$ cat model.csv   # CSV, C-alpha atoms and all ligand atoms
chain,number,residue,atom,x,y,z
Y,1,MET,CA,-132.3,-20.5,-56.2
Y,2,SER,CA,-132.2,-24.3,-55.6
Y,3,GLY,CA,-135.8,-24.5,-56.8
Y,4,GLU,CA,-134.9,-22.7,-60.1
Y,5,LEU,CA,-131.9,-25.0,-60.5
Y,6,GLU,CA,-134.0,-28.1,-59.9
Y,7,LYS,CA,-136.5,-27.0,-62.5
Y,8,ILE,CA,-133.7,-26.7,-65.1
Y,9,LEU,CA,-132.1,-30.0,-64.2
Y,10,GLU,CA,-135.4,-31.8,-64.4
Y,11,LYS,CA,-135.4,-31.0,-68.1
Y,12,ILE,CA,-132.1,-32.6,-68.6
Y,13,ASP,CA,-132.1,-36.4,-68.9
Y,14,GLY,CA,-129.3,-38.7,-67.8
Y,15,GLN,CA,-126.2,-38.4,-65.6
Y,16,LEU,CA,-125.1,-35.1,-64.1
Y,17,ALA,CA,-121.8,-34.1,-62.7
Y,18,LEU,CA,-120.6,-31.2,-60.5
Y,19,ALA,CA,-116.9,-30.3,-61.0
Y,20,PHE,CA,-115.7,-29.4,-57.5
Y,21,SER,CA,-112.5,-27.5,-57.5
Y,22,HIS,CA,-112.4,-26.4,-53.9
Y,23,GLN,CA,-113.5,-22.8,-54.6
Y,24,ALA,CA,-116.1,-21.0,-52.6
Y,25,GLU,CA,-118.3,-21.0,-55.8
Y,26,ASP,CA,-118.1,-24.8,-56.0
Y,27,ALA,CA,-119.1,-25.1,-52.4
Y,28,ALA,CA,-122.1,-22.9,-53.0
Y,29,ALA,CA,-123.1,-24.8,-56.2
Y,30,LEU,CA,-122.8,-28.1,-54.3
Y,31,ASP,CA,-125.0,-26.8,-51.5
Y,32,LEU,CA,-127.6,-25.7,-54.0
Y,33,LEU,CA,-127.6,-29.1,-55.7
Y,34,LEU,CA,-127.8,-31.0,-52.5
Y,35,GLN,CA,-131.1,-29.1,-51.7
Y,36,CYS,CA,-132.6,-30.6,-54.9
Y,37,GLY,CA,-134.8,-33.7,-54.7
Y,38,GLN,CA,-133.6,-37.2,-54.8
Y,39,GLY,CA,-134.4,-37.4,-58.6
Y,40,ILE,CA,-131.5,-35.0,-59.2
Y,41,ARG,CA,-129.2,-36.1,-56.4
Y,42,GLY,CA,-129.6,-39.7,-57.4
Y,43,ARG,CA,-128.0,-39.1,-60.8
Y,44,LEU,CA,-125.4,-36.6,-59.7
Y,45,GLU,CA,-121.7,-37.4,-59.4
Y,46,VAL,CA,-119.6,-34.8,-57.5
Y,47,PHE,CA,-116.0,-35.1,-58.7
Y,48,THR,CA,-112.7,-33.3,-58.4
Y,49,LEU,CA,-109.5,-33.4,-60.4
Y,50,ASP,CA,-106.4,-34.2,-58.4
Y,51,THR,CA,-103.6,-32.8,-60.6
Y,52,ARG,CA,-100.9,-34.1,-58.1
Y,53,LYS,CA,-99.9,-30.5,-57.7
Y,54,LEU,CA,-102.5,-29.4,-55.1
Y,55,PHE,CA,-101.7,-27.5,-51.9
Y,56,PRO,CA,-101.8,-29.7,-48.7
Y,57,GLU,CA,-104.5,-27.3,-47.5
Y,58,THR,CA,-106.6,-28.3,-50.5
Y,59,VAL,CA,-106.3,-32.0,-49.6
Y,60,ALA,CA,-107.3,-31.2,-46.1
Y,61,TYR,CA,-110.2,-29.0,-47.2
Y,62,HIS,CA,-111.5,-31.8,-49.5
Y,63,LYS,CA,-112.0,-34.0,-46.4
Y,64,THR,CA,-113.6,-31.0,-44.6
Y,65,ILE,CA,-116.2,-30.7,-47.3
Y,66,GLU,CA,-116.9,-34.4,-47.5
Y,67,GLU,CA,-117.6,-34.4,-43.8
Y,68,PHE,CA,-119.7,-31.2,-43.9
Y,69,PHE,CA,-121.9,-32.4,-46.7
Y,70,LYS,CA,-121.7,-36.1,-45.8
Y,71,ILE,CA,-120.7,-37.1,-49.3
Y,72,THR,CA,-117.9,-38.7,-51.2
Y,73,ILE,CA,-116.2,-36.7,-53.9
Y,74,LYS,CA,-114.9,-38.9,-56.7
Y,75,ILE,CA,-111.3,-38.1,-57.6
Y,76,TYR,CA,-109.9,-38.3,-61.1
Y,77,ARG,CA,-106.1,-38.1,-61.6
Y,78,PRO,CA,-103.7,-38.0,-64.6
Y,79,ALA,CA,-102.0,-41.3,-65.4
Y,80,GLU,CA,-98.6,-41.6,-63.8
Y,81,ALA,CA,-96.9,-42.5,-67.1
Y,82,GLU,CA,-98.3,-39.4,-68.7
Y,83,VAL,CA,-97.1,-37.3,-65.8
Y,84,GLU,CA,-93.6,-38.7,-66.1
Y,85,LYS,CA,-93.5,-37.8,-69.8
Y,86,LEU,CA,-94.8,-34.4,-69.0
Y,87,GLU,CA,-92.2,-33.8,-66.4
Y,88,LYS,CA,-89.4,-34.7,-68.9
Y,89,ALA,CA,-90.9,-32.4,-71.5
Y,90,LEU,CA,-91.1,-29.4,-69.0
Y,91,GLY,CA,-87.5,-29.9,-67.9
Y,92,ASP,CA,-88.0,-28.9,-64.2
Y,93,GLU,CA,-90.8,-28.4,-61.7
Y,94,TRP,CA,-91.3,-24.8,-62.8
Y,95,GLY,CA,-91.2,-25.5,-66.5
Y,96,MET,CA,-94.9,-24.7,-66.9
Y,97,ARG,CA,-94.0,-21.1,-66.4
Y,98,ASP,CA,-91.5,-21.0,-69.3
Y,99,SER,CA,-94.1,-20.5,-72.0
Y,100,LEU,CA,-97.9,-20.6,-72.7
Y,101,GLU,CA,-97.3,-23.8,-74.6
Y,102,ASN,CA,-95.7,-25.5,-71.6
Y,103,ARG,CA,-98.4,-24.3,-69.3
Y,104,ARG,CA,-101.1,-25.5,-71.6
Y,105,LEU,CA,-99.4,-28.9,-72.0
Y,106,CYS,CA,-99.3,-29.3,-68.2
Y,107,CYS,CA,-102.9,-28.3,-67.8
Y,108,ASP,CA,-103.9,-30.7,-70.6
Y,109,VAL,CA,-102.2,-33.7,-69.0
Y,110,ARG,CA,-103.1,-32.9,-65.4
Y,111,LYS,CA,-106.6,-31.5,-65.9
Y,112,VAL,CA,-108.1,-31.6,-69.4
Y,113,VAL,CA,-107.6,-35.4,-70.0
Y,114,PRO,CA,-108.9,-36.4,-66.5
Y,115,LEU,CA,-111.8,-34.0,-67.0
Y,116,GLY,CA,-112.7,-35.8,-70.2
Y,117,GLU,CA,-112.7,-39.1,-68.2
Y,118,ALA,CA,-114.9,-37.5,-65.5
Y,119,LEU,CA,-117.4,-36.2,-68.1
Y,120,HIS,CA,-117.6,-39.4,-70.1
Y,121,GLY,CA,-121.2,-40.8,-70.1
Y,122,LYS,CA,-122.6,-37.6,-68.5
Y,123,ASN,CA,-125.3,-35.5,-70.1
Y,124,ALA,CA,-124.5,-32.2,-68.3
Y,125,TRP,CA,-121.9,-30.8,-66.0
Y,126,ILE,CA,-122.5,-28.1,-63.4
Y,127,THR,CA,-119.8,-25.6,-62.5
Y,128,GLY,CA,-119.4,-22.8,-60.0
Y,129,MET,CA,-118.1,-20.3,-62.7
Y,130,ARG,CA,-119.1,-16.7,-62.4
Y,131,ALA,CA,-118.9,-14.0,-65.0
Y,132,ALA,CA,-117.4,-11.5,-62.5
Y,133,GLN,CA,-114.4,-13.7,-61.8
Y,134,ALA,CA,-112.3,-12.8,-64.9
Y,135,VAL,CA,-112.3,-11.2,-68.3
Y,136,THR,CA,-112.2,-14.6,-69.8
Y,137,ARG,CA,-115.6,-15.3,-68.2
Y,138,ALA,CA,-117.4,-12.1,-68.9
Y,139,GLY,CA,-119.8,-13.5,-71.5
Y,140,LEU,CA,-120.6,-16.6,-69.4
Y,141,ALA,CA,-124.2,-17.9,-69.9
Y,142,LEU,CA,-126.4,-19.9,-67.5
Y,143,LEU,CA,-126.6,-22.7,-70.1
Y,144,GLU,CA,-123.8,-23.4,-72.6
Y,145,TRP,CA,-123.0,-26.2,-75.0
Y,146,ASP,CA,-119.6,-27.8,-74.3
Y,147,GLU,CA,-118.5,-28.6,-77.8
Y,148,LYS,CA,-115.3,-30.4,-76.8
Y,149,ASN,CA,-116.9,-32.7,-74.3
Y,150,GLN,CA,-120.3,-32.8,-76.1
Y,151,LEU,CA,-122.6,-32.1,-73.2
Y,152,ILE,CA,-124.6,-29.3,-71.6
Y,153,LYS,CA,-122.7,-27.0,-69.2
Y,154,LEU,CA,-124.8,-25.3,-66.5
Y,155,ASN,CA,-123.4,-22.3,-64.6
Y,156,PRO,CA,-126.0,-21.6,-61.9
Y,157,LEU,CA,-123.8,-18.9,-60.3
Y,158,CYS,CA,-123.0,-17.1,-63.5
Y,159,ARG,CA,-124.5,-13.7,-62.5
Y,160,TRP,CA,-123.6,-13.8,-58.8
Y,161,THR,CA,-121.6,-10.9,-57.5
Y,162,ASP,CA,-118.8,-11.3,-55.0
Y,163,GLU,CA,-121.1,-10.0,-52.3
Y,164,GLU,CA,-123.9,-12.4,-53.1
Y,165,LEU,CA,-121.5,-15.3,-53.0
Y,166,ASP,CA,-120.1,-14.2,-49.6
Y,167,ALA,CA,-123.6,-13.7,-48.2
Y,168,TYR,CA,-124.7,-17.2,-49.4
Y,169,ILE,CA,-121.7,-18.9,-47.9
Y,170,LYS,CA,-122.1,-17.1,-44.6
Y,171,ALA,CA,-125.9,-17.7,-44.4
Y,172,ARG,CA,-125.4,-21.5,-45.1
Y,173,GLY,CA,-122.4,-21.8,-42.7
Y,174,ILE,CA,-120.3,-23.5,-45.4
Y,175,PRO,CA,-116.6,-24.0,-44.5
Y,176,LEU,CA,-114.2,-22.3,-46.9
Y,177,HIS,CA,-110.7,-23.4,-48.1
Y,178,PRO,CA,-108.3,-22.3,-45.5
Y,179,LEU,CA,-106.1,-20.3,-48.0
Y,180,TYR,CA,-108.9,-17.8,-48.4
Y,181,GLY,CA,-107.8,-16.6,-44.9
Y,182,GLU,CA,-104.3,-16.0,-46.3
Y,183,SER,CA,-105.3,-13.6,-49.1
Y,184,PHE,CA,-105.8,-16.2,-51.8
Y,185,LYS,CA,-109.0,-15.5,-53.8
Y,186,SER,CA,-108.9,-18.4,-56.3
Y,187,ILE,CA,-107.1,-21.6,-55.6
Y,188,GLY,CA,-105.6,-24.0,-58.1
Y,189,CYS,CA,-102.3,-25.9,-58.3
Y,190,SER,CA,-99.5,-24.8,-56.0
Y,191,PRO,CA,-96.9,-23.8,-58.6
Y,192,CYS,CA,-99.5,-21.6,-60.4
Y,193,THR,CA,-101.4,-19.9,-57.6
Y,194,ARG,CA,-100.3,-17.1,-55.3
Y,195,ALA,CA,-102.1,-14.8,-52.8
Y,196,VAL,CA,-103.4,-11.6,-54.3
Y,197,LEU,CA,-102.6,-8.0,-53.3
Y,198,GLU,CA,-105.0,-5.3,-52.2
Y,199,GLY,CA,-106.9,-4.1,-55.3
Y,200,GLU,CA,-106.0,-7.0,-57.5
Y,201,ASP,CA,-108.8,-9.0,-59.1
Y,202,ILE,CA,-110.0,-12.4,-58.0
Y,203,ARG,CA,-108.0,-14.4,-60.4
Y,204,ALA,CA,-104.9,-12.2,-60.4
Y,205,GLY,CA,-103.1,-14.9,-58.4
Y,206,ARG,CA,-103.6,-17.6,-61.0
Y,207,TRP,CA,-100.8,-17.9,-63.7
Y,208,TRP,CA,-99.9,-14.3,-62.7
Y,209,TRP,CA,-97.0,-14.3,-65.3
Y,210,GLU,CA,-99.5,-14.5,-68.2
Y,211,ASP,CA,-101.7,-12.1,-70.0
Y,212,PRO,CA,-105.2,-12.1,-68.3
Y,213,SER,CA,-106.9,-12.9,-71.6
Y,214,GLN,CA,-105.0,-16.3,-71.7
Y,215,LYS,CA,-105.8,-17.4,-68.2
Y,216,GLU,CA,-107.9,-20.5,-68.5
Y,217,CYS,CA,-106.6,-24.0,-68.0
Y,218,GLY,CA,-108.5,-25.6,-70.9
Y,219,LEU,CA,-111.3,-26.9,-68.7
Y,220,HIS,CA,-113.2,-23.7,-69.4
Y,221,ARG,CA,-111.6,-22.3,-72.5
Y,222,ARG,CA,-114.5,-20.7,-74.2
Y,223,PRO,CA,-115.3,-19.5,-77.7
Y,224,ARG,CA,-115.3,-15.8,-78.5
Y,225,PRO,CA,-118.4,-13.9,-77.5
Y,226,GLY,CA,-121.1,-14.4,-80.1
Y,227,ALA,CA,-119.6,-17.6,-81.4
Y,228,GLY,CA,-122.7,-19.6,-80.6
Y,229,GLN,CA,-121.8,-21.1,-77.2
Y,230,GLY,CA,-125.2,-20.7,-75.7
Y,231,ALA,CA,-127.6,-23.6,-75.2
Y,232,HIS,CA,-131.3,-23.8,-74.8
Y,233,LEU,CA,-133.5,-26.4,-73.2
J,301,LIG,S1,-102.4,-25.1,-63.1
J,301,LIG,FE1,-100.1,-25.2,-63.3
J,301,LIG,S2,-99.5,-27.2,-62.2
J,301,LIG,FE2,-101.7,-27.2,-62.5
J,301,LIG,S3,-102.0,-28.3,-64.4
J,301,LIG,FE3,-102.0,-26.2,-65.0
J,301,LIG,S4,-99.9,-25.6,-65.4
J,301,LIG,FE4,-99.9,-27.6,-64.4

$ encode --input "model.csv" --output "structure tokens"
Amino acid sequence: MSGELEKILEKIDGQLALAFSHQAEDAAALDLLLQCGQGIRGRLEVFTLDTRKLFPETVAYHKTIEEFFKITIKIYRPAEAEVEKLEKALGDEWGMRDSLENRRLCCDVRKVVPLGEALHGKNAWITGMRAAQAVTRAGLALLEWDEKNQLIKLNPLCRWTDEELDAYIKARGIPLHPLYGESFKSIGCSPCTRAVLEGEDIRAGRWWWEDPSQKECGLHRRPRPGAGQGAHL
């Protein structure tokens, strides 16, 4: 798989970025990328978004991954002044749950704006997204054009099943976020993530008060299927 990925990335000029959001998928994508040649690794930035609402376990896992892969992950954060304004607008620390508008405002300030900074000057970004994760990702393609950020988006795990991901992580001995051991299956900000119950889908613990069709934070909000989001090299 890393050979296939390397061949695709060789056709893309310029700077590359991997968005590392502490999920098992991201760890697998990072592992695949680090098996590519220096020509790829030398122009790759691995970054994460620190929304200032992360679980303490996420902060600890961040260090675990840096040590395991012997890399430094660049951190992008929202500006403090913007967070202060946001907190006033939301009213209290749970205000993002009051409405979809509030939640999207919070995600925009804490995630979408810092993502734009992270992707500035890059030619492609690589994600750990999989179609099997959620209804909002069902039409995910290997290569997409990110209209908002004006760059190629590459999803090398897009067709991986849960079982394939588990098998890869085990075979490569990659450490996982500790909250996976406490029935979390997708891990984001602490106010908006809970453990899932038996039989619930992977992303049921993210923004659980919302309709499943709305559950994207803006980083990966995608056009409707057939709306021309695919990209070709
Ligand atoms: S996931 Fe929740 S806390 Fe994090 S940025 Fe979005 S609304 Fe805010």

$ closest_residue --input "model.csv" --among "Y:Glu4, Y:Leu115, Y:Arg159, Y:Ser186" --to "Asp201 (chain Y)" --atoms "only C-alpha atoms"
Y:Ser186

$ atom_distance --input "model.csv" --atom1 "CA of Glu57 (chain Y)" --atom2 "CA of Ala89 (chain Y)"
28.1 Å

$ atom_distance --input "model.csv" --atom1 "CA of Gly199 (chain Y)" --atom2 "CA of Arg103 (chain Y)"
26.0 Å

$ residues_near_ligand --input "model.csv" --ligand "ligand LIG 301 (chain J)" --cutoff "8 Å" --atoms "all atoms listed in the file" --output "count of residues only"
24

$ atom_distance --input "model.csv" --atom1 "CA of Asn155 (chain Y)" --atom2 "CA of Ala79 (chain Y)"
28.6 Å

$ closest_residue --input "model.csv" --among "Y:Glu163, Y:Asp50, Y:Glu93, Y:Glu210" --to "Pro114 (chain Y)" --atoms "only C-alpha atoms"
Y:Asp50

$ residues_around --input "model.csv" --residues "Lys153 (chain Y)" --least-positions-apart "6" --cutoff "7 Å" --atoms "all atoms listed in the file" --output "list in words"
Ala124, Trp125, Ile126, Leu143, Glu144, Trp145 and Asp146 of chain Y

$ residues_around --input "model.csv" --residues "Lys148 (chain Y)" --least-positions-apart "3" --cutoff "10 Å" --atoms "only C-alpha atoms" --output "CSV table (one decimal) with C-alpha atoms, in the coordinates of the input"
chain,number,residue,atom,x,y,z
Y,116,GLY,CA,-112.7,-35.8,-70.2
Y,145,TRP,CA,-123.0,-26.2,-75.0
Y,151,LEU,CA,-122.6,-32.1,-73.2
Y,219,LEU,CA,-111.3,-26.9,-68.7
Y,221,ARG,CA,-111.6,-22.3,-72.5

$ closest_residue --input "model.csv" --among "Y:Ile152, Y:Leu49, Y:Ala167, Y:Ala132" --to "Lys11 (chain Y)" --atoms "all atoms listed in the file"
Y:Ile152

$ residues_around --input "model.csv" --residues "Ala195 (chain Y)" --least-positions-apart "2" --cutoff "10 Å" --atoms "all atoms listed in the file" --output "list in words"
Leu179, Tyr180, Gly181, Glu182, Ser183, Phe184, Lys185, Ser186, Ile187, Thr193, Leu197, Glu198, Glu200, Ile202, Arg203, Ala204, Gly205 and Arg206 of chain Y

$ residues_around --input "model.csv" --residues "Glu66 (chain Y)" --least-positions-apart "5" --cutoff "12 Å" --atoms "only C-alpha atoms" --output "list in words"
Phe20, His22, Ala27, Leu30, Asp31, Val46, Phe47, Thr48, Val59, Ala60, Tyr61, Ile71, Thr72, Ile73, Lys74, Ile174 and Pro175 of chain Y

$ residues_around --input "model.csv" --residues "Trp160 (chain Y)" --least-positions-apart "5" --cutoff "9 Å" --atoms "all atoms listed in the file" --output "list in words"
Arg130, Ala131, Ala132 and Leu165 of chain Y

$ residues_near_point --input "model.csv" --point "(-134.8, -28.5, -65.1)" --cutoff "12 Å" --atoms "only C-alpha atoms" --output "list in words"
Ser2, Gly3, Glu4, Leu5, Glu6, Lys7, Ile8, Leu9, Glu10, Lys11, Ile12, Asp13, Gly14, Leu16, Leu33, Cys36, Gly37, Gly39, Ile40, Ala124, Leu143, Leu154, Pro156, His232 and Leu233 of chain Y

$ write_last_selection --input "model.csv" --atoms "C-alpha atoms" --output "mmCIF file, in the coordinates of the input"
data_model
loop_
_atom_site.group_PDB
_atom_site.id
_atom_site.type_symbol
_atom_site.label_atom_id
_atom_site.label_comp_id
_atom_site.auth_asym_id
_atom_site.auth_seq_id
_atom_site.Cartn_x
_atom_site.Cartn_y
_atom_site.Cartn_z
ATOM 1 C CA SER Y 2 -132.200 -24.300 -55.600
ATOM 2 C CA GLY Y 3 -135.800 -24.500 -56.800
ATOM 3 C CA GLU Y 4 -134.900 -22.700 -60.100
ATOM 4 C CA LEU Y 5 -131.900 -25.000 -60.500
ATOM 5 C CA GLU Y 6 -134.000 -28.100 -59.900
ATOM 6 C CA LYS Y 7 -136.500 -27.000 -62.500
ATOM 7 C CA ILE Y 8 -133.700 -26.700 -65.100
ATOM 8 C CA LEU Y 9 -132.100 -30.000 -64.200
ATOM 9 C CA GLU Y 10 -135.400 -31.800 -64.400
ATOM 10 C CA LYS Y 11 -135.400 -31.000 -68.100
ATOM 11 C CA ILE Y 12 -132.100 -32.600 -68.600
ATOM 12 C CA ASP Y 13 -132.100 -36.400 -68.900
ATOM 13 C CA GLY Y 14 -129.300 -38.700 -67.800
ATOM 14 C CA LEU Y 16 -125.100 -35.100 -64.100
ATOM 15 C CA LEU Y 33 -127.600 -29.100 -55.700
ATOM 16 C CA CYS Y 36 -132.600 -30.600 -54.900
ATOM 17 C CA GLY Y 37 -134.800 -33.700 -54.700
ATOM 18 C CA GLY Y 39 -134.400 -37.400 -58.600
ATOM 19 C CA ILE Y 40 -131.500 -35.000 -59.200
ATOM 20 C CA ALA Y 124 -124.500 -32.200 -68.300
ATOM 21 C CA LEU Y 143 -126.600 -22.700 -70.100
ATOM 22 C CA LEU Y 154 -124.800 -25.300 -66.500
ATOM 23 C CA PRO Y 156 -126.000 -21.600 -61.900
ATOM 24 C CA HIS Y 232 -131.300 -23.800 -74.800
ATOM 25 C CA LEU Y 233 -133.500 -26.400 -73.200
#

$ closest_residue --input "model.csv" --among "Y:Arg43, Y:Arg52, Y:Arg137, Y:His62" --to "Glu80 (chain Y)" --atoms "all atoms listed in the file"
Y:Arg52

$ closest_residue --input "model.csv" --among "Y:Arg77, Y:Leu119, Y:Ser21, Y:Glu101" --to "Thr58 (chain Y)" --atoms "all atoms listed in the file"
Y:Ser21

$ closest_residue --input "model.csv" --among "Y:Gln38, Y:Met1, Y:Trp209, Y:Val113" --to "Pro78 (chain Y)" --atoms "only C-alpha atoms"
Y:Val113
